[in-house]
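Participant: This is data_14.cif (mmCIF, C-alpha atoms).
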data_upload
loop_
_atom_site.group_PDB
_atom_site.id
_atom_site.type_symbol
_atom_site.label_atom_id
_atom_site.label_comp_id
_atom_site.auth_asym_id
_atom_site.auth_seq_id
_atom_site.Cartn_x
_atom_site.Cartn_y
_atom_site.Cartn_z
ATOM 1 C CA MET A 19 138.612 -71.026 -104.703
ATOM 2 C CA TYR A 20 138.077 -69.343 -108.071
ATOM 3 C CA LYS A 21 140.577 -66.648 -108.925
ATOM 4 C CA ARG A 22 139.368 -63.330 -110.324
ATOM 5 C CA GLN A 23 141.761 -63.330 -113.283
ATOM 6 C CA VAL A 24 140.483 -66.777 -114.331
ATOM 7 C CA VAL A 25 136.753 -66.105 -113.918
ATOM 8 C CA LEU A 26 136.463 -62.417 -114.880
ATOM 9 C CA ARG A 27 139.470 -61.077 -116.744
ATOM 10 C CA PRO A 28 139.942 -57.658 -118.352
ATOM 11 C CA PRO A 29 139.163 -57.687 -122.071
ATOM 12 C CA PRO A 30 142.042 -57.153 -124.504
ATOM 13 C CA PRO A 31 142.378 -53.467 -125.482
ATOM 14 C CA ARG A 32 141.664 -54.332 -129.114
ATOM 15 C CA VAL A 33 139.962 -57.337 -130.751
ATOM 16 C CA ASP A 34 139.973 -57.462 -134.566
ATOM 17 C CA GLY A 35 139.647 -53.698 -134.868
ATOM 18 C CA ILE A 36 137.175 -53.363 -131.985
ATOM 19 C CA ALA A 37 138.567 -51.419 -129.020
ATOM 20 C CA ALA A 38 137.295 -52.589 -125.631
ATOM 21 C CA ALA A 39 137.315 -51.540 -121.990
ATOM 22 C CA ALA A 40 135.422 -52.908 -118.979
ATOM 23 C CA VAL A 41 134.994 -52.478 -115.241
ATOM 24 C CA HIS A 42 133.323 -54.484 -112.493
ATOM 25 C CA LEU A 43 132.279 -53.323 -109.026
ATOM 26 C CA SER A 44 131.099 -55.860 -106.460
ATOM 27 C CA ALA A 45 128.395 -54.893 -103.974
ATOM 28 C CA ASP A 46 130.051 -57.217 -101.445
ATOM 29 C CA ARG A 47 132.751 -55.082 -99.837
ATOM 30 C CA GLY A 48 134.812 -58.155 -99.016
ATOM 31 C CA ALA A 49 134.530 -59.781 -102.430
ATOM 32 C CA ARG A 50 136.764 -59.314 -105.451
ATOM 33 C CA ILE A 51 134.109 -60.630 -107.819
ATOM 34 C CA GLY A 52 130.342 -60.858 -107.668
ATOM 35 C CA GLY A 53 127.585 -62.174 -109.868
ATOM 36 C CA ASP A 54 128.205 -60.062 -112.989
ATOM 37 C CA LEU A 55 130.112 -61.342 -116.015
ATOM 38 C CA TYR A 56 131.485 -60.160 -119.352
ATOM 39 C CA GLU A 57 133.856 -61.336 -122.068
ATOM 40 C CA VAL A 58 134.963 -60.286 -125.589
ATOM 41 C CA ILE A 59 136.552 -62.768 -128.009
ATOM 42 C CA GLY A 60 137.601 -62.550 -131.656
ATOM 43 C CA THR A 61 136.573 -65.579 -133.707
ATOM 44 C CA GLU A 62 136.359 -66.617 -137.350
ATOM 45 C CA HIS A 63 132.633 -65.866 -137.073
ATOM 46 C CA GLY A 64 133.186 -62.263 -135.928
ATOM 47 C CA VAL A 65 133.839 -60.491 -132.641
ATOM 48 C CA ARG A 66 131.548 -61.963 -130.006
ATOM 49 C CA ALA A 67 130.764 -60.526 -126.596
ATOM 50 C CA VAL A 68 128.678 -61.529 -123.599
ATOM 51 C CA ILE A 69 127.481 -59.660 -120.538
ATOM 52 C CA GLY A 70 125.352 -61.191 -117.806
ATOM 53 C CA ASP A 71 124.027 -60.925 -114.274
ATOM 54 C CA VAL A 72 123.594 -63.879 -111.903
ATOM 55 C CA ARG A 73 120.872 -63.731 -109.276
ATOM 56 C CA GLY A 74 122.449 -63.528 -105.843
ATOM 57 C CA HIS A 75 125.933 -63.056 -104.444
ATOM 58 C CA GLY A 76 128.618 -65.096 -102.767
ATOM 59 C CA LEU A 77 130.427 -68.257 -103.802
ATOM 60 C CA GLY A 78 127.364 -69.748 -105.497
ATOM 61 C CA ALA A 79 127.096 -66.761 -107.850
ATOM 62 C CA VAL A 80 130.821 -66.944 -108.617
ATOM 63 C CA ARG A 81 130.488 -70.607 -109.565
ATOM 64 C CA THR A 82 127.575 -69.790 -111.857
ATOM 65 C CA VAL A 83 129.667 -67.052 -113.507
ATOM 66 C CA ALA A 84 132.456 -69.578 -114.046
ATOM 67 C CA ALA A 85 130.068 -72.110 -115.606
ATOM 68 C CA VAL A 86 128.564 -69.576 -118.043
ATOM 69 C CA LEU A 87 131.870 -67.978 -119.033
ATOM 70 C CA GLY A 88 133.572 -71.337 -119.471
ATOM 71 C CA SER A 89 130.853 -72.449 -121.863
ATOM 72 C CA PHE A 90 130.910 -69.140 -123.754
ATOM 73 C CA ARG A 91 134.681 -69.222 -124.272
ATOM 74 C CA GLU A 92 134.417 -72.582 -126.004
ATOM 75 C CA ALA A 93 131.116 -72.158 -127.846
ATOM 76 C CA VAL A 94 132.002 -68.887 -129.618
ATOM 77 C CA HIS A 95 134.711 -70.707 -131.588
ATOM 78 C CA ASP A 96 132.687 -73.870 -132.265
ATOM 79 C CA GLU A 97 129.293 -72.452 -133.226
ATOM 80 C CA SER A 98 128.816 -70.608 -136.522
ATOM 81 C CA GLU A 99 125.481 -69.112 -135.421
ATOM 82 C CA LEU A 100 124.812 -67.014 -132.342
ATOM 83 C CA ALA A 101 121.798 -69.207 -131.554
ATOM 84 C CA GLY A 102 124.141 -72.194 -131.221
ATOM 85 C CA VAL A 103 126.222 -70.287 -128.664
ATOM 86 C CA LEU A 104 123.117 -69.545 -126.608
ATOM 87 C CA ARG A 105 122.035 -73.206 -126.717
ATOM 88 C CA ARG A 106 125.429 -74.194 -125.323
ATOM 89 C CA LEU A 107 125.066 -71.669 -122.509
ATOM 90 C CA GLU A 108 121.585 -72.989 -121.738
ATOM 91 C CA ARG A 109 122.887 -76.562 -121.461
ATOM 92 C CA ALA A 110 125.847 -75.456 -119.328
ATOM 93 C CA MET A 111 123.499 -73.625 -116.966
ATOM 94 C CA ALA A 112 121.234 -76.668 -116.702
ATOM 95 C CA ARG A 113 124.202 -78.931 -115.836
ATOM 96 C CA HIS A 114 125.414 -76.417 -113.274
ATOM 97 C CA LEU A 115 122.011 -76.257 -111.569
ATOM 98 C CA ARG A 116 121.778 -80.063 -111.447
ATOM 99 C CA GLU A 117 125.184 -80.201 -109.759
ATOM 100 C CA ARG A 118 124.176 -77.467 -107.309
ATOM 101 C CA THR A 119 121.028 -79.402 -106.408
ATOM 102 C CA HIS A 120 123.024 -82.602 -105.891
ATOM 103 C CA ASP A 121 125.807 -80.972 -103.842
ATOM 104 C CA GLY A 122 123.568 -78.717 -101.744
ATOM 105 C CA PRO A 123 124.203 -75.064 -100.796
ATOM 106 C CA ASP A 124 127.750 -73.803 -100.372
ATOM 107 C CA PRO A 125 128.869 -73.773 -96.718
ATOM 108 C CA GLY A 126 128.758 -70.375 -95.053
ATOM 109 C CA THR A 127 126.718 -68.697 -97.807
ATOM 110 C CA GLU A 128 123.207 -67.338 -97.987
ATOM 111 C CA ASP A 129 122.538 -68.526 -101.525
ATOM 112 C CA GLY A 130 118.994 -69.569 -102.346
ATOM 113 C CA ALA A 131 117.969 -72.924 -103.699
ATOM 114 C CA ALA A 132 119.467 -73.951 -107.022
ATOM 115 C CA GLY A 133 115.984 -74.124 -108.533
ATOM 116 C CA GLU A 134 115.567 -70.392 -107.889
ATOM 117 C CA GLU A 135 118.818 -69.388 -109.536
ATOM 118 C CA PHE A 136 118.954 -67.717 -112.932
ATOM 119 C CA VAL A 137 121.250 -65.552 -115.034
ATOM 120 C CA THR A 138 120.398 -62.800 -117.497
ATOM 121 C CA VAL A 139 122.595 -62.917 -120.589
ATOM 122 C CA LEU A 140 123.141 -60.718 -123.631
ATOM 123 C CA LEU A 141 125.075 -62.167 -126.576
ATOM 124 C CA LEU A 142 126.428 -59.766 -129.196
ATOM 125 C CA GLU A 143 128.121 -60.409 -132.534
ATOM 126 C CA ILE A 144 130.000 -57.822 -134.632
ATOM 127 C CA LEU A 145 130.765 -58.970 -138.174
ATOM 128 C CA PRO A 146 133.710 -57.632 -140.224
ATOM 129 C CA ASP A 147 131.459 -55.120 -142.034
ATOM 130 C CA GLY A 148 130.101 -53.840 -138.700
ATOM 131 C CA GLU A 149 126.787 -55.707 -138.890
ATOM 132 C CA LEU A 150 125.367 -56.302 -135.409
ATOM 133 C CA ARG A 151 123.355 -59.282 -134.192
ATOM 134 C CA ALA A 152 122.172 -59.982 -130.673
ATOM 135 C CA LEU A 153 120.328 -62.483 -128.494
ATOM 136 C CA ASN A 154 118.957 -61.180 -125.217
ATOM 137 C CA CYS A 155 117.837 -63.340 -122.289
ATOM 138 C CA GLY A 156 116.292 -60.940 -119.782
ATOM 139 C CA HIS A 157 119.166 -58.434 -119.850
ATOM 140 C CA PRO A 158 119.137 -54.635 -120.363
ATOM 141 C CA TRP A 159 119.745 -53.695 -124.000
ATOM 142 C CA PRO A 160 123.042 -51.932 -124.745
ATOM 143 C CA HIS A 161 123.185 -48.317 -125.871
ATOM 144 C CA LEU A 162 124.655 -47.210 -129.181
ATOM 145 C CA LEU A 163 126.808 -44.063 -129.110
ATOM 146 C CA THR A 164 126.922 -42.525 -132.571
ATOM 147 C CA GLY A 165 127.898 -38.942 -133.267
ATOM 148 C CA ALA A 166 126.510 -36.964 -130.336
ATOM 149 C CA ARG A 167 123.591 -39.327 -129.627
ATOM 150 C CA ALA A 168 123.002 -42.270 -127.322
ATOM 151 C CA GLU A 169 120.082 -44.595 -128.039
ATOM 152 C CA PRO A 170 119.075 -48.183 -127.168
ATOM 153 C CA LEU A 171 120.465 -50.734 -129.595
ATOM 154 C CA ALA A 172 117.079 -52.490 -129.829
ATOM 155 C CA ARG A 173 113.639 -52.334 -128.224
ATOM 156 C CA THR A 174 112.360 -55.875 -128.767
ATOM 157 C CA ASP A 175 111.181 -57.958 -125.825
ATOM 158 C CA PRO A 176 113.960 -60.199 -124.471
ATOM 159 C CA LEU A 177 113.845 -63.955 -124.058
ATOM 160 C CA PRO A 178 113.538 -65.393 -120.509
ATOM 161 C CA PRO A 179 116.702 -65.592 -118.382
ATOM 162 C CA LEU A 180 118.672 -68.830 -118.366
ATOM 163 C CA GLY A 181 117.670 -71.194 -115.588
ATOM 164 C CA PRO A 182 113.992 -71.219 -114.631
ATOM 165 C CA PHE A 183 112.409 -71.704 -118.055
ATOM 166 C CA PRO A 184 113.527 -73.439 -121.283
ATOM 167 C CA LEU A 185 114.274 -71.256 -124.268
ATOM 168 C CA PRO A 186 111.906 -71.408 -127.262
ATOM 169 C CA SER A 187 112.693 -73.982 -129.924
ATOM 170 C CA ASP A 188 113.173 -71.313 -132.585
ATOM 171 C CA LEU A 189 116.012 -68.906 -131.775
ATOM 172 C CA SER A 190 116.762 -66.114 -134.205
ATOM 173 C CA ALA A 191 119.387 -63.456 -133.591
ATOM 174 C CA VAL A 192 118.010 -59.899 -133.636
ATOM 175 C CA PRO A 193 119.528 -57.745 -136.412
ATOM 176 C CA CYS A 194 120.657 -54.449 -134.856
ATOM 177 C CA GLY A 195 122.000 -52.444 -137.788
ATOM 178 C CA ARG A 196 125.705 -51.671 -138.106
ATOM 179 C CA LEU A 197 128.429 -50.452 -135.801
ATOM 180 C CA LEU A 198 130.084 -47.906 -138.086
ATOM 181 C CA PRO A 199 133.702 -46.749 -137.651
ATOM 182 C CA GLY A 200 133.800 -44.385 -134.673
ATOM 183 C CA ASP A 201 130.553 -45.687 -133.152
ATOM 184 C CA ALA A 202 130.555 -47.299 -129.703
ATOM 185 C CA LEU A 203 128.381 -49.683 -127.719
ATOM 186 C CA VAL A 204 127.877 -49.521 -123.959
ATOM 187 C CA LEU A 205 126.828 -52.836 -122.391
ATOM 188 C CA HIS A 206 125.850 -52.831 -118.714
ATOM 189 C CA THR A 207 124.137 -54.779 -115.961
ATOM 190 C CA ASP A 208 121.025 -53.528 -114.183
ATOM 191 C CA GLY A 209 123.094 -52.430 -111.189
ATOM 192 C CA VAL A 210 124.028 -49.352 -113.247
ATOM 193 C CA GLU A 211 120.577 -48.015 -114.123
ATOM 194 C CA GLU A 212 119.105 -49.078 -110.762
ATOM 195 C CA ALA A 213 121.719 -47.274 -108.643
ATOM 196 C CA ARG A 214 120.043 -44.686 -106.399
ATOM 197 C CA ASP A 215 121.206 -41.446 -104.854
ATOM 198 C CA ALA A 216 120.617 -40.286 -101.262
ATOM 199 C CA VAL A 217 116.962 -39.422 -101.946
ATOM 200 C CA GLY A 218 116.170 -42.560 -103.940
ATOM 201 C CA ARG A 219 116.465 -41.270 -107.513
ATOM 202 C CA PHE A 220 117.716 -43.712 -110.156
ATOM 203 C CA PHE A 221 120.959 -43.106 -112.023
ATOM 204 C CA PRO A 222 120.211 -41.083 -115.222
ATOM 205 C CA LEU A 223 122.076 -43.426 -117.567
ATOM 206 C CA PRO A 224 120.725 -42.069 -120.909
ATOM 207 C CA GLU A 225 121.727 -38.502 -120.018
ATOM 208 C CA VAL A 226 125.193 -39.555 -118.883
ATOM 209 C CA LEU A 227 125.700 -41.588 -122.061
ATOM 210 C CA THR A 228 124.650 -38.632 -124.215
ATOM 211 C CA GLU A 229 127.251 -36.452 -122.506
ATOM 212 C CA ALA A 230 129.862 -39.187 -122.983
ATOM 213 C CA ALA A 231 128.990 -39.438 -126.694
ATOM 214 C CA ARG A 232 129.542 -35.695 -127.175
ATOM 215 C CA ALA A 233 132.898 -35.635 -125.412
ATOM 216 C CA ARG A 234 136.158 -36.048 -127.322
ATOM 217 C CA PRO A 235 138.042 -38.268 -127.503
ATOM 218 C CA ALA A 236 135.304 -40.904 -127.209
ATOM 219 C CA THR A 237 137.597 -43.874 -126.568
ATOM 220 C CA PRO A 238 136.263 -46.856 -124.611
ATOM 221 C CA GLN A 239 138.465 -45.851 -121.669
ATOM 222 C CA SER A 240 137.212 -42.241 -121.649
ATOM 223 C CA VAL A 241 133.556 -43.267 -122.010
ATOM 224 C CA LEU A 242 133.965 -45.831 -119.236
ATOM 225 C CA GLY A 243 135.653 -43.266 -116.997
ATOM 226 C CA LYS A 244 132.874 -40.704 -117.447
ATOM 227 C CA ILE A 245 130.133 -43.236 -116.701
ATOM 228 C CA LEU A 246 131.917 -44.626 -113.656
ATOM 229 C CA ALA A 247 132.710 -41.177 -112.221
ATOM 230 C CA ALA A 248 129.081 -40.065 -112.648
ATOM 231 C CA LEU A 249 127.824 -43.313 -111.102
ATOM 232 C CA LEU A 250 130.012 -43.000 -108.012
ATOM 233 C CA ARG A 251 128.978 -39.360 -107.552
ATOM 234 C CA HIS A 252 125.313 -40.297 -107.895
ATOM 235 C CA SER A 253 125.370 -43.202 -105.460
ATOM 236 C CA VAL A 254 127.743 -41.448 -103.024
ATOM 237 C CA GLY A 255 130.245 -44.300 -103.148
ATOM 238 C CA PRO A 256 130.039 -47.893 -104.374
ATOM 239 C CA PRO A 257 126.518 -48.861 -105.533
ATOM 240 C CA ALA A 258 124.345 -51.246 -103.539
ATOM 241 C CA ASP A 259 124.291 -53.869 -106.321
ATOM 242 C CA ASP A 260 126.973 -55.435 -108.500
ATOM 243 C CA VAL A 261 127.899 -53.307 -111.507
ATOM 244 C CA ALA A 262 129.523 -54.308 -114.786
ATOM 245 C CA LEU A 263 130.221 -52.035 -117.761
ATOM 246 C CA LEU A 264 131.663 -53.033 -121.132
ATOM 247 C CA VAL A 265 132.387 -50.482 -123.870
ATOM 248 C CA LEU A 266 133.132 -51.547 -127.462
ATOM 249 C CA ARG A 267 134.163 -49.085 -130.203
ATOM 250 C CA ASN A 268 134.628 -49.756 -133.908
ATOM 251 C CA GLU A 269 138.092 -48.495 -134.810
ATOM 252 C CA ARG A 270 138.283 -50.232 -138.163
ATOM 253 C CA HIS A 271 138.998 -48.084 -141.204
ATOM 254 C CA ALA A 272 136.017 -47.300 -143.408
ATOM 255 C CA ARG A 273 136.134 -49.042 -146.775
ATOM 256 C CA HIS A 274 134.930 -47.068 -149.790
ATOM 257 C CA PRO A 275 133.648 -48.832 -152.904
ATOM 258 C CA VAL A 276 136.141 -48.902 -155.756
ATOM 259 C CA PRO A 277 133.759 -47.227 -158.293
ATOM 260 C CA GLU A 278 133.444 -44.200 -155.993
ATOM 261 C CA LEU A 279 137.226 -43.867 -155.797
ATOM 262 C CA ARG A 280 137.592 -44.046 -159.560
ATOM 263 C CA ALA A 281 134.939 -41.382 -160.023
ATOM 264 C CA CYS A 282 137.055 -38.980 -157.955
ATOM 265 C CA VAL A 283 140.352 -39.630 -159.804
ATOM 266 C CA ARG A 284 141.095 -38.046 -163.182
ATOM 267 C CA THR A 285 143.498 -39.994 -165.359
ATOM 268 C CA PRO A 286 146.045 -38.294 -167.691
ATOM 269 C CA VAL A 287 143.794 -39.153 -170.646
ATOM 270 C CA ASP A 288 140.849 -37.465 -168.937
ATOM 271 C CA ARG A 289 142.916 -34.334 -168.301
ATOM 272 C CA ARG A 290 144.043 -34.149 -171.958
ATOM 273 C CA ARG A 291 140.460 -34.525 -173.145
ATOM 274 C CA SER A 292 139.191 -31.787 -170.844
ATOM 275 C CA ALA A 293 141.958 -29.438 -172.063
ATOM 276 C CA ARG A 294 140.897 -29.684 -175.749
ATOM 277 C CA PRO A 295 138.869 -26.745 -177.074
ATOM 278 C CA PRO A 296 135.265 -27.531 -177.931
ATOM 279 C CA ALA A 297 134.566 -28.549 -181.510
ATOM 280 C CA ARG A 298 133.058 -25.837 -183.712
#
As a first step, turn the structure in this file into structure tokens.

Facilitator:
Amino acid sequence: MYKRQVVLRPPPPRVDGIAAAAVHLSADRGARIGGDLYEVIGTEHGVRAVIGDVRGHGLGAVRTVAAVLGSFREAVHDESELAGVLRRLERAMARHLRERTHDGPDPGTEDGAAGEEFVTVLLLEILPDGELRALNCGHPWPHLLTGARAEPLARTDPLPPLGPFPLPSDLSAVPCGRLLPGDALVLHTDGVEEARDAVGRFFPLPEVLTEAARARPATPQSVLGKILAALLRHSVGPPADDVALLVLRNERHARHPVPELRACVRTPVDRRRSARPPAR
């Protein structure tokens, strides 16, 4: 049996200047882990994160989570480009599905056929200067919290999920601007925005994120707490689908260009020159 702390472990509170916090809620009342996944790792190529959602529940979904996360944890260190990481995940998913087909369905589960299984995946890379790059395979785009605003990180069409269809031969990471000091990213699975209240209304994620962005302090833990509290109030208890939330905040110190610093500092020679009376 897979253990929760091995498959889905809490992220470290801080990774190379990026503060992180995460939570996972399983729709299966008797399960400690479902089909959602996330991870944050610091590498020589930058801070890299993944969030994903496996179709289905039960032991089969847990094994798919383990296959994807295991590949990610190795590939992020080996691959210099984000596209290389995604290729490794694609191959790991293909091997996993071949093994599932060979072994047959897991006893006592209601998992569908291996050929029908897929996983949505979002890969994110934060470089030392805050530059953001992403590759999205059928997953909801994260939201950027900057100042008092919350907006989608990107609006481009995603690639197909891993599993049913091969990825295109040309993979290019999407440039997503910069994560400036104090800005935060909220990554989530579709169980968040698709949660319904007693009369069938969807969870108002953009509005909740805007309120979280305005609140102070806007730490990953406080943002996560506000979203989770609002979600549980909205759905009147645990949501009907698996939910995963990952919040990343840039807590690196801003670096100012040296020429700008020098322009603001007056040397003793400058002060003596400014004190001289003007020539007649």

Participant: Go through stretch 138-170 of chain A and flag each residue having an atom no more than 10 Å from stretch 231-242 of chain A; for those, report the closest pair of atoms plus their distance in Å to one decimal, using only C-alpha atoms, ordered by chain and rising number, as JSON lines.

Facilitator:
{"residue": "A:Leu162", "atom": "CA", "partner": "A:Ala231", "partner_atom": "CA", "distance": 9.2}
{"residue": "A:Leu163", "atom": "CA", "partner": "A:Ala231", "partner_atom": "CA", "distance": 5.7}
{"residue": "A:Thr164", "atom": "CA", "partner": "A:Ala231", "partner_atom": "CA", "distance": 7.0}
{"residue": "A:Gly165", "atom": "CA", "partner": "A:Ala231", "partner_atom": "CA", "distance": 6.7}
{"residue": "A:Ala166", "atom": "CA", "partner": "A:Arg232", "partner_atom": "CA", "distance": 4.6}
{"residue": "A:Arg167", "atom": "CA", "partner": "A:Ala231", "partner_atom": "CA", "distance": 6.1}
{"residue": "A:Ala168", "atom": "CA", "partner": "A:Ala231", "partner_atom": "CA", "distance": 6.7}

Participant: Quick one: of A:Glu269, A:Val72, A:Ala258, A:Val86, who's nearest to A:Arg32, counting all atoms listed in the file?

Facilitator: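 Looking at the shortest contact to A:Arg32, the residue is A:Glu269.
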
Participant: List as a PyMOL selection string the protein and nucleic acid residues near A:Ala40, meaning an atom at most 8 Å away when all atoms listed in the file are counted, but skip any in the same chain fewer than 4 places from it.

Facilitator: chain A and resi 28-29+242+262-265

Participant: Could you write out as a list in words the residues that the PyMOL selection byres ((chain A and resi 180) around 9) matches in the shown file?

Facilitator: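 So the PyMOL selection byres ((chain A and resi 180) around 9), applied here, picks out Leu107, Glu108, Met111, Ala112, Glu135, Phe136, Val137, Thr138, Val139, Cys155, Gly156, Leu177, Pro178, Pro179, Gly181, Pro182, Phe183, Pro184 and Leu185 of chain A.
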
Participant: Kindly give the distance, in Å, that separates atom CA of A:His161 and atom CA of A:Arg27, rounded to a single decimal.

Facilitator: 22.6 Å

Participant: Take atom CA of A:Asn268 and atom CA of A:Thr61 and report the distance between them in Å, one decimal.

Facilitator: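 Value for the atom CA of A:Asn268-atom CA of A:Thr61 distance: 15.9 Å.
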
Participant: Using Å and a single decimal, report how far atom CA of A:Leu87 sits from atom CA of A:Leu266.

Facilitator: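 Separating atom CA of A:Leu266 from atom CA of A:Leu87 is a distance of 18.5 Å.
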
Participant: Please write as number ranges by chain the full residue list that the PyMOL selection byres ((chain A and resi 172) around 8) yields on this file.

Facilitator: A: 159-160, 170-171, 173-174, 194

Participant: Select, from A:Leu100, A:Val226, A:Gly78, A:Leu145, the residue with the minimum atom-to-atom distance to A:Arg118, counting only C-alpha atoms.

Facilitator: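 Among A:Leu100, A:Val226, A:Gly78, A:Leu145, it is A:Gly78 that comes nearest to A:Arg118.
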
Participant: Can you spell out as a VMD selection string the set of residues that the PyMOL selection byres ((chain A and resi 223) around 9) selects in the structure I just provided?

Facilitator: chain A and resid 210 to 211 220 to 222 224 to 228 245 249

Participant: Please list as a PyMOL selection string every residue within 7 Å of A:Val68, counting only C-alpha atoms and excluding residues in the same chain fewer than 4 positions away.

Facilitator: chain A and resi 56-58+139-142

Participant: Using all atoms listed in the file, which of A:Ala110, A:Val254, A:Ala37, A:Ala152 sits nearest A:Pro176?

Facilitator: A:Ala152
